[in-house]
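Here is coords.cif, consisting of mmCIF, C-alpha atoms and all ligand atoms:
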```cif
data_my_file
loop_
_atom_site.label_atom_id
_atom_site.label_comp_id
_atom_site.auth_asym_id
_atom_site.auth_seq_id
_atom_site.Cartn_x
_atom_site.Cartn_y
_atom_site.Cartn_z
CA MET A 1 32.36 -6.16 10.27
CA THR A 2 32.54 -8.84 7.56
CA PRO A 3 33.31 -12.53 8.10
CA GLY A 4 36.61 -12.36 6.15
CA PRO A 5 38.73 -15.15 4.74
CA ALA A 6 39.88 -18.13 6.71
CA PRO A 7 43.45 -18.07 8.03
CA GLY A 8 45.92 -18.92 5.26
CA GLY A 9 43.68 -17.30 2.60
CA ALA A 10 41.49 -20.38 1.98
CA HIS A 11 37.82 -19.80 1.24
CA ARG A 12 35.31 -20.56 3.95
CA HIS A 13 32.26 -22.32 2.61
CA VAL A 14 28.87 -21.13 3.87
CA LEU A 15 25.68 -23.05 3.09
CA ILE A 16 22.45 -21.04 3.28
CA LEU A 17 19.21 -22.99 3.45
CA GLY A 18 17.01 -20.60 1.51
CA GLY A 19 13.59 -19.95 0.07
CA THR A 20 13.08 -16.54 1.72
CA THR A 21 13.81 -12.88 1.01
CA GLU A 22 16.28 -12.80 3.91
CA ALA A 23 18.16 -15.80 2.49
CA ARG A 24 18.57 -14.00 -0.84
CA ARG A 25 19.69 -10.79 0.88
CA LEU A 26 22.20 -12.71 2.97
CA ALA A 27 23.61 -14.50 -0.09
CA ALA A 28 24.01 -11.18 -1.89
CA GLU A 29 25.87 -9.62 1.06
CA LEU A 30 28.13 -12.61 1.67
CA CYS A 31 29.01 -12.93 -2.03
CA ALA A 32 30.67 -9.52 -1.79
CA ASP A 33 33.27 -11.08 0.54
CA PRO A 34 36.06 -12.64 -1.55
CA GLY A 35 37.04 -14.85 1.38
CA LEU A 36 33.79 -16.78 1.23
CA ARG A 37 32.33 -19.44 -1.00
CA VAL A 38 28.54 -19.07 -0.73
CA THR A 39 26.06 -21.79 -1.67
CA SER A 40 22.29 -21.42 -1.36
CA SER A 41 20.01 -24.42 -1.23
CA LEU A 42 16.39 -24.32 -2.46
CA ALA A 43 13.80 -27.04 -2.01
CA GLY A 44 12.59 -26.83 -5.61
CA ARG A 45 8.94 -26.21 -4.74
CA VAL A 46 8.54 -23.12 -6.92
CA ALA A 47 8.66 -23.61 -10.71
CA GLU A 48 10.62 -20.42 -11.37
CA PRO A 49 12.37 -19.43 -8.15
CA ARG A 50 14.09 -16.08 -7.66
CA LEU A 51 17.68 -17.22 -7.67
CA PRO A 52 20.11 -15.90 -5.06
CA ALA A 53 23.64 -14.67 -5.84
CA GLY A 54 26.44 -17.21 -5.61
CA GLU A 55 26.21 -20.95 -6.12
CA VAL A 56 22.76 -22.54 -6.00
CA ARG A 57 21.73 -26.14 -5.52
CA ILE A 58 18.11 -27.26 -5.81
CA GLY A 59 16.26 -30.21 -4.24
CA GLY A 60 16.17 -32.12 -0.96
CA PHE A 61 19.30 -33.61 0.61
CA GLY A 62 17.63 -36.85 1.69
CA GLY A 63 16.93 -36.14 5.35
CA PRO A 64 19.38 -35.14 8.10
CA SER A 65 21.92 -37.80 7.18
CA GLY A 66 21.89 -36.66 3.53
CA LEU A 67 22.47 -33.08 4.64
CA ALA A 68 25.27 -34.20 6.99
CA ALA A 69 26.93 -36.07 4.11
CA TRP A 70 26.64 -32.97 1.90
CA LEU A 71 28.19 -30.74 4.61
CA ARG A 72 31.14 -33.12 4.88
CA ALA A 73 31.62 -33.68 1.14
CA GLN A 74 31.45 -29.96 0.35
CA HIS A 75 33.63 -28.94 3.34
CA VAL A 76 31.03 -26.56 4.70
CA ASP A 77 32.36 -24.32 7.48
CA ALA A 78 29.07 -22.72 8.57
CA LEU A 79 25.39 -23.45 8.01
CA ILE A 80 22.70 -20.77 8.08
CA ASP A 81 19.11 -21.93 8.17
CA ALA A 82 17.29 -19.05 6.51
CA THR A 83 14.23 -21.09 5.54
CA HIS A 84 10.67 -19.88 6.07
CA PRO A 85 9.56 -20.00 9.75
CA PHE A 86 7.09 -22.75 8.78
CA ALA A 87 9.70 -24.99 7.11
CA GLU A 88 9.75 -27.07 10.28
CA ILE A 89 11.20 -30.29 8.90
CA MET A 90 14.13 -28.62 7.17
CA SER A 91 15.00 -26.66 10.33
CA ARG A 92 14.93 -29.84 12.38
CA ASN A 93 17.09 -31.63 9.82
CA ALA A 94 19.58 -28.76 9.88
CA ALA A 95 19.87 -28.96 13.67
CA GLN A 96 20.45 -32.74 13.51
CA ALA A 97 23.01 -32.53 10.71
CA ALA A 98 24.89 -29.71 12.46
CA ALA A 99 25.00 -31.72 15.70
CA GLU A 100 26.25 -34.78 13.82
CA THR A 101 28.99 -32.97 11.88
CA GLY A 102 29.95 -30.18 14.31
CA VAL A 103 29.27 -27.54 11.64
CA PRO A 104 28.20 -24.29 13.39
CA LEU A 105 24.51 -23.53 12.72
CA LEU A 106 22.55 -20.28 12.94
CA ALA A 107 18.81 -19.86 12.39
CA LEU A 108 17.99 -16.60 10.60
CA ARG A 109 14.36 -15.89 11.54
CA ARG A 110 12.61 -12.60 11.02
CA PRO A 111 10.34 -11.69 13.97
CA GLY A 112 6.67 -12.59 13.80
CA TRP A 113 3.98 -9.95 13.24
CA ARG A 114 2.55 -8.07 16.24
CA ALA A 115 -1.12 -7.17 16.51
CA VAL A 116 -1.88 -3.46 16.86
CA GLU A 117 -5.00 -1.64 17.99
CA GLY A 118 -7.92 -2.44 15.71
CA ASP A 119 -6.66 -5.87 14.67
CA ARG A 120 -9.14 -8.74 15.09
CA TRP A 121 -6.71 -11.65 15.12
CA HIS A 122 -7.65 -15.23 15.95
CA PRO A 123 -4.40 -17.13 16.61
CA VAL A 124 -4.54 -20.87 15.88
CA GLY A 125 -1.92 -23.60 16.13
CA SER A 126 -2.34 -25.27 12.73
CA LEU A 127 -4.11 -25.15 9.37
CA ALA A 128 -6.62 -27.71 10.73
CA GLU A 129 -7.45 -25.36 13.61
CA ALA A 130 -7.75 -22.49 11.14
CA ALA A 131 -10.30 -24.54 9.18
CA ASP A 132 -12.25 -25.26 12.37
CA ALA A 133 -12.42 -21.55 13.19
CA LEU A 134 -13.69 -20.37 9.78
CA PRO A 135 -17.43 -21.27 9.71
CA ALA A 136 -18.09 -19.10 12.77
CA LEU A 137 -16.21 -16.14 11.29
CA GLY A 138 -17.46 -15.73 7.72
CA ARG A 139 -18.23 -17.23 4.33
CA ARG A 140 -15.83 -15.61 1.86
CA ILE A 141 -12.29 -16.51 2.77
CA PHE A 142 -8.99 -15.11 1.48
CA LEU A 143 -6.53 -17.96 2.04
CA THR A 144 -2.87 -16.91 1.86
CA THR A 145 -1.19 -19.84 3.60
CA GLY A 146 0.53 -21.13 0.45
CA ARG A 147 -0.32 -23.84 -2.04
CA GLN A 148 0.52 -26.71 0.31
CA GLY A 149 -1.97 -27.72 2.99
CA LEU A 150 -5.22 -26.83 1.21
CA ALA A 151 -6.50 -30.31 2.11
CA ALA A 152 -7.14 -29.00 5.64
CA PHE A 153 -9.93 -26.79 4.18
CA ALA A 154 -11.25 -29.25 1.58
CA HIS A 155 -14.31 -30.29 3.59
CA LEU A 156 -15.66 -26.74 3.95
CA ASP A 157 -18.23 -27.00 1.15
CA GLU A 158 -20.31 -24.07 2.39
CA LEU A 159 -17.50 -21.51 2.21
CA ARG A 160 -16.00 -19.69 -0.78
CA PHE A 161 -12.23 -19.49 -0.96
CA LEU A 162 -9.91 -17.17 -2.81
CA VAL A 163 -6.51 -18.91 -2.67
CA ARG A 164 -3.39 -16.89 -3.48
CA SER A 165 -0.18 -18.75 -4.26
CA VAL A 166 2.92 -18.51 -6.43
CA ASP A 167 2.21 -21.73 -8.34
CA ALA A 168 -1.14 -23.47 -8.80
CA PRO A 169 -2.12 -25.59 -5.79
CA ASP A 170 -2.80 -29.32 -6.06
CA ALA A 171 -6.03 -31.10 -5.09
CA PRO A 172 -7.64 -31.73 -2.70
CA MET A 173 -9.00 -28.26 -2.15
CA PRO A 174 -12.38 -26.79 -1.18
CA ARG A 175 -15.25 -27.16 -3.68
CA HIS A 176 -15.67 -23.39 -4.15
CA THR A 177 -12.12 -22.23 -4.80
CA ALA A 178 -10.87 -19.42 -7.02
CA ILE A 179 -7.13 -19.22 -7.52
CA LEU A 180 -5.07 -16.07 -7.74
CA LEU A 181 -1.52 -16.74 -8.93
CA ASP A 182 0.76 -14.02 -7.65
CA ARG A 183 3.95 -13.51 -5.71
CA GLY A 184 4.78 -10.67 -3.29
CA PRO A 185 5.68 -8.01 -2.49
CA PHE A 186 2.08 -6.81 -2.33
CA THR A 187 0.86 -3.23 -1.92
CA LEU A 188 -1.73 -1.91 0.50
CA ALA A 189 -3.79 -0.51 -2.39
CA GLY A 190 -3.69 -3.89 -4.14
CA GLU A 191 -4.69 -5.79 -1.00
CA ARG A 192 -7.60 -3.39 -0.31
CA GLU A 193 -8.77 -3.94 -3.87
CA ILE A 194 -8.72 -7.74 -3.51
CA LEU A 195 -10.63 -7.69 -0.23
CA ARG A 196 -13.30 -5.37 -1.67
CA GLU A 197 -13.60 -6.92 -5.11
CA HIS A 198 -14.02 -10.44 -3.75
CA ARG A 199 -16.15 -9.25 -0.79
CA ILE A 200 -13.83 -11.12 1.55
CA ASP A 201 -14.96 -11.42 5.13
CA VAL A 202 -12.09 -13.45 6.66
CA LEU A 203 -8.34 -13.48 5.97
CA VAL A 204 -6.25 -16.56 6.77
CA THR A 205 -2.47 -16.28 7.00
CA LYS A 206 0.58 -17.88 8.58
CA ASP A 207 2.61 -15.64 10.90
CA SER A 208 5.45 -15.35 8.40
CA GLY A 209 6.44 -11.90 9.67
CA ALA A 210 7.42 -10.85 6.14
CA ALA A 211 7.26 -7.17 5.23
CA ALA A 212 6.43 -8.13 1.64
CA THR A 213 3.13 -9.72 2.67
CA ALA A 214 2.18 -7.52 5.67
CA PRO A 215 -0.07 -5.04 3.77
CA LYS A 216 -2.92 -7.58 3.79
CA LEU A 217 -3.02 -7.25 7.59
CA THR A 218 -3.39 -3.47 7.34
CA ALA A 219 -6.09 -3.82 4.70
CA ALA A 220 -8.00 -6.31 6.90
CA ARG A 221 -7.72 -3.93 9.88
CA GLU A 222 -9.05 -1.02 7.82
CA LEU A 223 -12.07 -3.09 6.77
CA ASP A 224 -12.53 -4.48 10.32
CA LEU A 225 -12.14 -8.07 9.07
CA PRO A 226 -11.17 -10.99 11.29
CA VAL A 227 -7.78 -12.56 10.57
CA VAL A 228 -7.10 -16.20 11.38
CA ILE A 229 -3.37 -16.33 11.98
CA VAL A 230 -1.48 -19.62 12.22
CA THR A 231 1.21 -19.30 14.88
CA ARG A 232 4.75 -20.53 14.22
CA PRO A 233 5.91 -24.05 14.95
CA PRO A 234 8.61 -24.29 17.62
CA SER A 235 12.24 -23.90 16.50
CA PRO A 236 14.71 -26.70 17.29
CA PRO A 237 16.14 -26.06 20.77
CA GLY A 238 19.71 -24.91 21.29
CA VAL A 239 20.19 -23.29 17.86
CA PRO A 240 21.38 -19.65 18.05
CA ARG A 241 19.14 -17.18 16.26
CA ALA A 242 19.52 -13.95 14.36
CA GLU A 243 16.54 -11.77 13.47
CA ASP A 244 18.04 -10.02 10.48
CA VAL A 245 20.81 -10.21 7.90
CA PRO A 246 23.32 -7.91 9.70
CA ALA A 247 23.03 -10.07 12.86
CA ALA A 248 23.65 -13.21 10.79
CA ILE A 249 26.77 -11.63 9.28
CA ARG A 250 28.02 -10.71 12.78
CA TRP A 251 27.48 -14.32 13.89
CA LEU A 252 29.47 -15.58 10.92
CA ALA A 253 32.30 -13.16 11.68
CA GLY A 254 32.48 -14.58 15.20
CA THR A 255 32.41 -18.21 14.07
CA PRO A 256 35.85 -19.82 14.14
CA SER A 257 37.23 -21.34 10.94
CA ARG A 258 37.19 -25.12 10.88
P1 LIG B 301 9.78 -28.54 5.06
O1 LIG B 301 8.41 -29.12 5.11
O2 LIG B 301 10.39 -28.06 6.30
O3 LIG B 301 10.80 -29.55 4.41
C1 LIG B 301 10.41 -30.74 3.72
C2 LIG B 301 11.59 -31.25 2.94
O4 LIG B 301 11.88 -30.37 1.85
C3 LIG B 301 12.87 -31.28 3.74
O5 LIG B 301 12.94 -32.46 4.52
C4 LIG B 301 13.92 -31.22 2.66
O6 LIG B 301 14.05 -32.47 2.01
C5 LIG B 301 13.28 -30.29 1.64
N1 LIG B 301 13.69 -28.90 1.83
C6 LIG B 301 13.05 -27.90 2.49
N2 LIG B 301 13.71 -26.74 2.40
C7 LIG B 301 14.82 -27.01 1.67
C8 LIG B 301 15.93 -26.22 1.22
N3 LIG B 301 16.00 -24.90 1.50
N4 LIG B 301 16.91 -26.85 0.49
C9 LIG B 301 16.82 -28.18 0.21
N5 LIG B 301 15.80 -28.95 0.60
C10 LIG B 301 14.81 -28.39 1.31
O7 LIG B 301 9.81 -27.35 3.97
P2 LIG B 301 8.60 -26.54 3.30
O8 LIG B 301 7.79 -25.90 4.37
O9 LIG B 301 7.94 -27.41 2.29
O10 LIG B 301 9.41 -25.38 2.57
C11 LIG B 301 10.13 -25.67 1.39
C12 LIG B 301 10.85 -24.41 0.94
O11 LIG B 301 9.92 -23.36 0.70
C13 LIG B 301 11.86 -23.89 1.95
O12 LIG B 301 12.99 -23.47 1.22
C14 LIG B 301 11.16 -22.71 2.59
O13 LIG B 301 12.08 -21.71 2.99
C15 LIG B 301 10.25 -22.23 1.46
N6 LIG B 301 9.00 -21.62 1.91
C16 LIG B 301 8.17 -22.32 2.74
C17 LIG B 301 6.98 -21.73 3.15
C18 LIG B 301 6.03 -22.42 4.11
O14 LIG B 301 4.99 -21.85 4.42
N7 LIG B 301 6.34 -23.62 4.61
C19 LIG B 301 6.65 -20.44 2.69
C20 LIG B 301 7.51 -19.78 1.81
C21 LIG B 301 8.68 -20.38 1.44
P3 LIG B 301 15.19 -33.52 2.42
O15 LIG B 301 14.76 -34.09 3.73
O16 LIG B 301 15.22 -34.49 1.30
O17 LIG B 301 16.48 -32.75 2.56
#
```
Can I see the file as structure tokens?
Amino acid sequence: MTPGPAPGGAHRHVLILGGTTEARRLAAELCADPGLRVTSSLAGRVAEPRLPAGEVRIGGFGGPSGLAAWLRAQHVDALIDATHPFAEIMSRNAAQAAAETGVPLLALRRPGWRAVEGDRWHPVGSLAEAADALPALGRRIFLTTGRQGLAAFAHLDELRFLVRSVDAPDAPMPRHTAILLDRGPFTLAGEREILREHRIDVLVTKDSGAAATAPKLTAARELDLPVVIVTRPPSPPGVPRAEDVPAAIRWLAGTPSR
């Protein structure tokens, strides 16, 4: 079932808050529907983002009121928050702007990862808690939490960090930091190689739930390494959720035209 055109043949305008694989997949699927106008919004954090199909706008809206003004000015009929599960501020802004304007909102959130037998996971609530946990777990750390937030680890002078990110991180960062610029998807063979070559003894990750970055968890399990995993921030209450692109498309099909 596809969302289809609005009554009278007018285009329905869908705004996707993006920055994830799912957001790009959703844009590609929705663009195949001639009854829809599809715009994706990116924050502009990555220097050379992978651009989704359809229209793209880049940069912040200026808080919830800026987003609400954009929804009104661009006659948006439905808003899909397909941001990363850790993009907490944007998700909150989306919920506020949707409440203010009456634009229907869906959160597209892939499920988090599940530990399996053999995993040695240490769940923590924040990057600061991850930093607190590290000295007791090891000395050579593979940090895959993204280029933002390295300040939380900056005081750990005794530890050696391998930081992987798409673009180079900004200071402050730990004294002993090597940077690996790369962007997923990653392979199991590649992740094994990194852990061995750098003699990593702890992996740090956010619970993004992404298939593209899951092989590092398997590689850590194989090598019996502890994994410090930052659990997800809470989602704004009252926002309906879809776990995958087909469910988001079904939601859109059931959303009345405005
Ligand atoms: P955030 O902390 O929740 O948002 C901070 C501000 O960035 C927002 O208030 C908004 O500015 C702007 N912003 C965020 N996402 C936006 C979007 N899709 N379109 C337009 N403006 C956006 O966000 P974040 O965690 O820095 O994430 C930024 C982007 O990177 C998101 O698109 C997210 O999907 C992606 N991403 C994040 C992570 C992560 O770990 N956090 C990982 C991978 C990808 P205004 O208030 O001015 O509107």
Subject >> Selected residue, from A:Arg57, A:Gly146, A:Val103, A:Leu42, that lies nearest to Ser257 in chain A when counting all atoms listed in the file >> reply: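 Residue with the minimum atom-to-atom distance to Ser257 in chain A: A:Val103.
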Original post:
Which protein, DNA or RNA residues have an atom within 9 Å of ligand LIG 301 (chain B), counting all atoms listed in the file, as a ChimeraX atom specification?
Top reply: /A:16-20,23,40-46,57-67,81-94,145-148,206,208
Report as JSON the centre and the edge lengths, in Å to one decimal, of the axis-aligned box holding every listed atom of range 66-78 of chain A, padded by 3 Å on each side.
```
{"center_x": 27.8, "center_y": -29.7, "center_z": 4.5, "size_x": 17.7, "size_y": 19.9, "size_z": 14.2}
```
Original post:
Quick one: of A:Glu22, A:Asp167, A:Glu29, A:Glu129, who's nearest to Pro49 in chain A, counting only C-alpha atoms?
Top reply: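 Ranked by minimum distance to Pro49 in chain A, first place goes to A:Asp167.
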**OP:** Go through A:Pro174, A:Pro135, A:Pro215, A:Pro236 and flag the residue nearest Gly149 in chain A, using only C-alpha atoms for the distances.
**Re:**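 The shortest atom-to-atom distance to Gly149 in chain A comes from A:Pro174.
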**OP:** Mind checking which residues fall within 8 Å of Leu137 in chain A, counting only C-alpha atoms, ignoring those fewer than 5 positions away in the same chain, and posting them as a PyMOL selection string?
**Re:** chain A and resi 201-202+226
**OP:** Name all residues at most 12 Å from Leu188 in chain A (count all atoms listed in the file; drop same-chain ones fewer than 3 positions away) and give them as a VMD selection string.
**Re:** chain A and resid 184 to 185 191 to 195 211 to 222
**OP:** Could you check which of A:Pro240, A:Gly125, A:Pro256, A:Gly102 is closest to Ile80 in chain A, using only C-alpha atoms?
**Re:**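 Checking each candidate against Ile80 in chain A, we get A:Pro240 as the closest.
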Original post:
By how many Å are CA of Ser165 in chain A and CA of Arg140 in chain A apart?
Top reply: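 Distance reported for this atom pair: 17.1 Å.
Proximity of A:Arg175, A:His122, A:Arg183, A:Arg25 to Phe153 in chain A, computed with all atoms listed in the file, is greatest for A:Arg175.
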Original post:
Rounded to one decimal in Å, what is the spacing between CA of Pro52 in chain A and CA of Asp182 in chain A?
Top reply: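 Computed distance, CA of Pro52 in chain A to CA of Asp182 in chain A, equals 19.6 Å.
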What would range 40-54 of chain A look like with N, CA, C and O atoms in place, written as a PDB file, keeping the file's coordinate frame?
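The file below, result-v4.pdb, is the result:
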```
ATOM      1  N   SER A  40      23.669 -21.436  -1.849  1.00  0.00           N
ATOM      2  CA  SER A  40      22.290 -21.420  -1.360  1.00  0.00           C
ATOM      3  C   SER A  40      21.592 -22.691  -1.801  1.00  0.00           C
ATOM      4  O   SER A  40      21.798 -23.155  -2.921  1.00  0.00           O
ATOM      5  N   SER A  41      20.771 -23.219  -0.917  1.00  0.00           N
ATOM      6  CA  SER A  41      20.010 -24.420  -1.230  1.00  0.00           C
ATOM      7  C   SER A  41      18.521 -24.093  -1.264  1.00  0.00           C
ATOM      8  O   SER A  41      17.991 -23.465  -0.343  1.00  0.00           O
ATOM      9  N   LEU A  42      17.845 -24.511  -2.327  1.00  0.00           N
ATOM     10  CA  LEU A  42      16.390 -24.320  -2.460  1.00  0.00           C
ATOM     11  C   LEU A  42      15.719 -25.684  -2.540  1.00  0.00           C
ATOM     12  O   LEU A  42      16.301 -26.628  -3.085  1.00  0.00           O
ATOM     13  N   ALA A  43      14.492 -25.749  -2.029  1.00  0.00           N
ATOM     14  CA  ALA A  43      13.800 -27.040  -2.010  1.00  0.00           C
ATOM     15  C   ALA A  43      13.346 -27.482  -3.398  1.00  0.00           C
ATOM     16  O   ALA A  43      13.183 -28.667  -3.650  1.00  0.00           O
ATOM     17  N   GLY A  44      13.089 -26.494  -4.274  1.00  0.00           N
ATOM     18  CA  GLY A  44      12.590 -26.830  -5.610  1.00  0.00           C
ATOM     19  C   GLY A  44      11.080 -26.874  -5.683  1.00  0.00           C
ATOM     20  O   GLY A  44      10.519 -27.463  -6.603  1.00  0.00           O
ATOM     21  N   ARG A  45      10.413 -26.211  -4.733  1.00  0.00           N
ATOM     22  CA  ARG A  45       8.940 -26.210  -4.740  1.00  0.00           C
ATOM     23  C   ARG A  45       8.348 -25.263  -5.775  1.00  0.00           C
ATOM     24  O   ARG A  45       7.271 -25.493  -6.283  1.00  0.00           O
ATOM     25  N   VAL A  46       9.063 -24.162  -6.033  1.00  0.00           N
ATOM     26  CA  VAL A  46       8.540 -23.120  -6.920  1.00  0.00           C
ATOM     27  C   VAL A  46       9.107 -23.360  -8.319  1.00  0.00           C
ATOM     28  O   VAL A  46      10.303 -23.614  -8.475  1.00  0.00           O
ATOM     29  N   ALA A  47       8.234 -23.288  -9.339  1.00  0.00           N
ATOM     30  CA  ALA A  47       8.660 -23.610 -10.710  1.00  0.00           C
ATOM     31  C   ALA A  47       9.771 -22.679 -11.197  1.00  0.00           C
ATOM     32  O   ALA A  47      10.737 -23.114 -11.804  1.00  0.00           O
ATOM     33  N   GLU A  48       9.600 -21.383 -10.924  1.00  0.00           N
ATOM     34  CA  GLU A  48      10.620 -20.420 -11.370  1.00  0.00           C
ATOM     35  C   GLU A  48      11.082 -19.587 -10.183  1.00  0.00           C
ATOM     36  O   GLU A  48      10.625 -18.462  -9.987  1.00  0.00           O
ATOM     37  N   PRO A  49      11.973 -20.155  -9.364  1.00  0.00           N
ATOM     38  CA  PRO A  49      12.370 -19.430  -8.150  1.00  0.00           C
ATOM     39  C   PRO A  49      13.210 -18.197  -8.473  1.00  0.00           C
ATOM     40  O   PRO A  49      13.850 -18.136  -9.521  1.00  0.00           O
ATOM     41  N   ARG A  50      13.169 -17.218  -7.560  1.00  0.00           N
ATOM     42  CA  ARG A  50      14.090 -16.080  -7.660  1.00  0.00           C
ATOM     43  C   ARG A  50      15.433 -16.589  -7.169  1.00  0.00           C
ATOM     44  O   ARG A  50      15.554 -16.983  -6.001  1.00  0.00           O
ATOM     45  N   LEU A  51      16.409 -16.591  -8.042  1.00  0.00           N
ATOM     46  CA  LEU A  51      17.680 -17.220  -7.670  1.00  0.00           C
ATOM     47  C   LEU A  51      18.573 -16.272  -6.885  1.00  0.00           C
ATOM     48  O   LEU A  51      18.721 -15.107  -7.256  1.00  0.00           O
ATOM     49  N   PRO A  52      19.181 -16.740  -5.812  1.00  0.00           N
ATOM     50  CA  PRO A  52      20.110 -15.900  -5.060  1.00  0.00           C
ATOM     51  C   PRO A  52      21.463 -15.781  -5.768  1.00  0.00           C
ATOM     52  O   PRO A  52      21.774 -16.575  -6.666  1.00  0.00           O
ATOM     53  N   ALA A  53      22.269 -14.808  -5.333  1.00  0.00           N
ATOM     54  CA  ALA A  53      23.640 -14.670  -5.840  1.00  0.00           C
ATOM     55  C   ALA A  53      24.472 -15.845  -5.335  1.00  0.00           C
ATOM     56  O   ALA A  53      24.134 -16.479  -4.334  1.00  0.00           O
ATOM     57  N   GLY A  54      25.553 -16.130  -6.029  1.00  0.00           N
ATOM     58  CA  GLY A  54      26.440 -17.210  -5.610  1.00  0.00           C
ATOM     59  C   GLY A  54      26.013 -18.538  -6.193  1.00  0.00           C
ATOM     60  O   GLY A  54      25.221 -18.604  -7.137  1.00  0.00           O
TER      61      GLY A  54
END
```
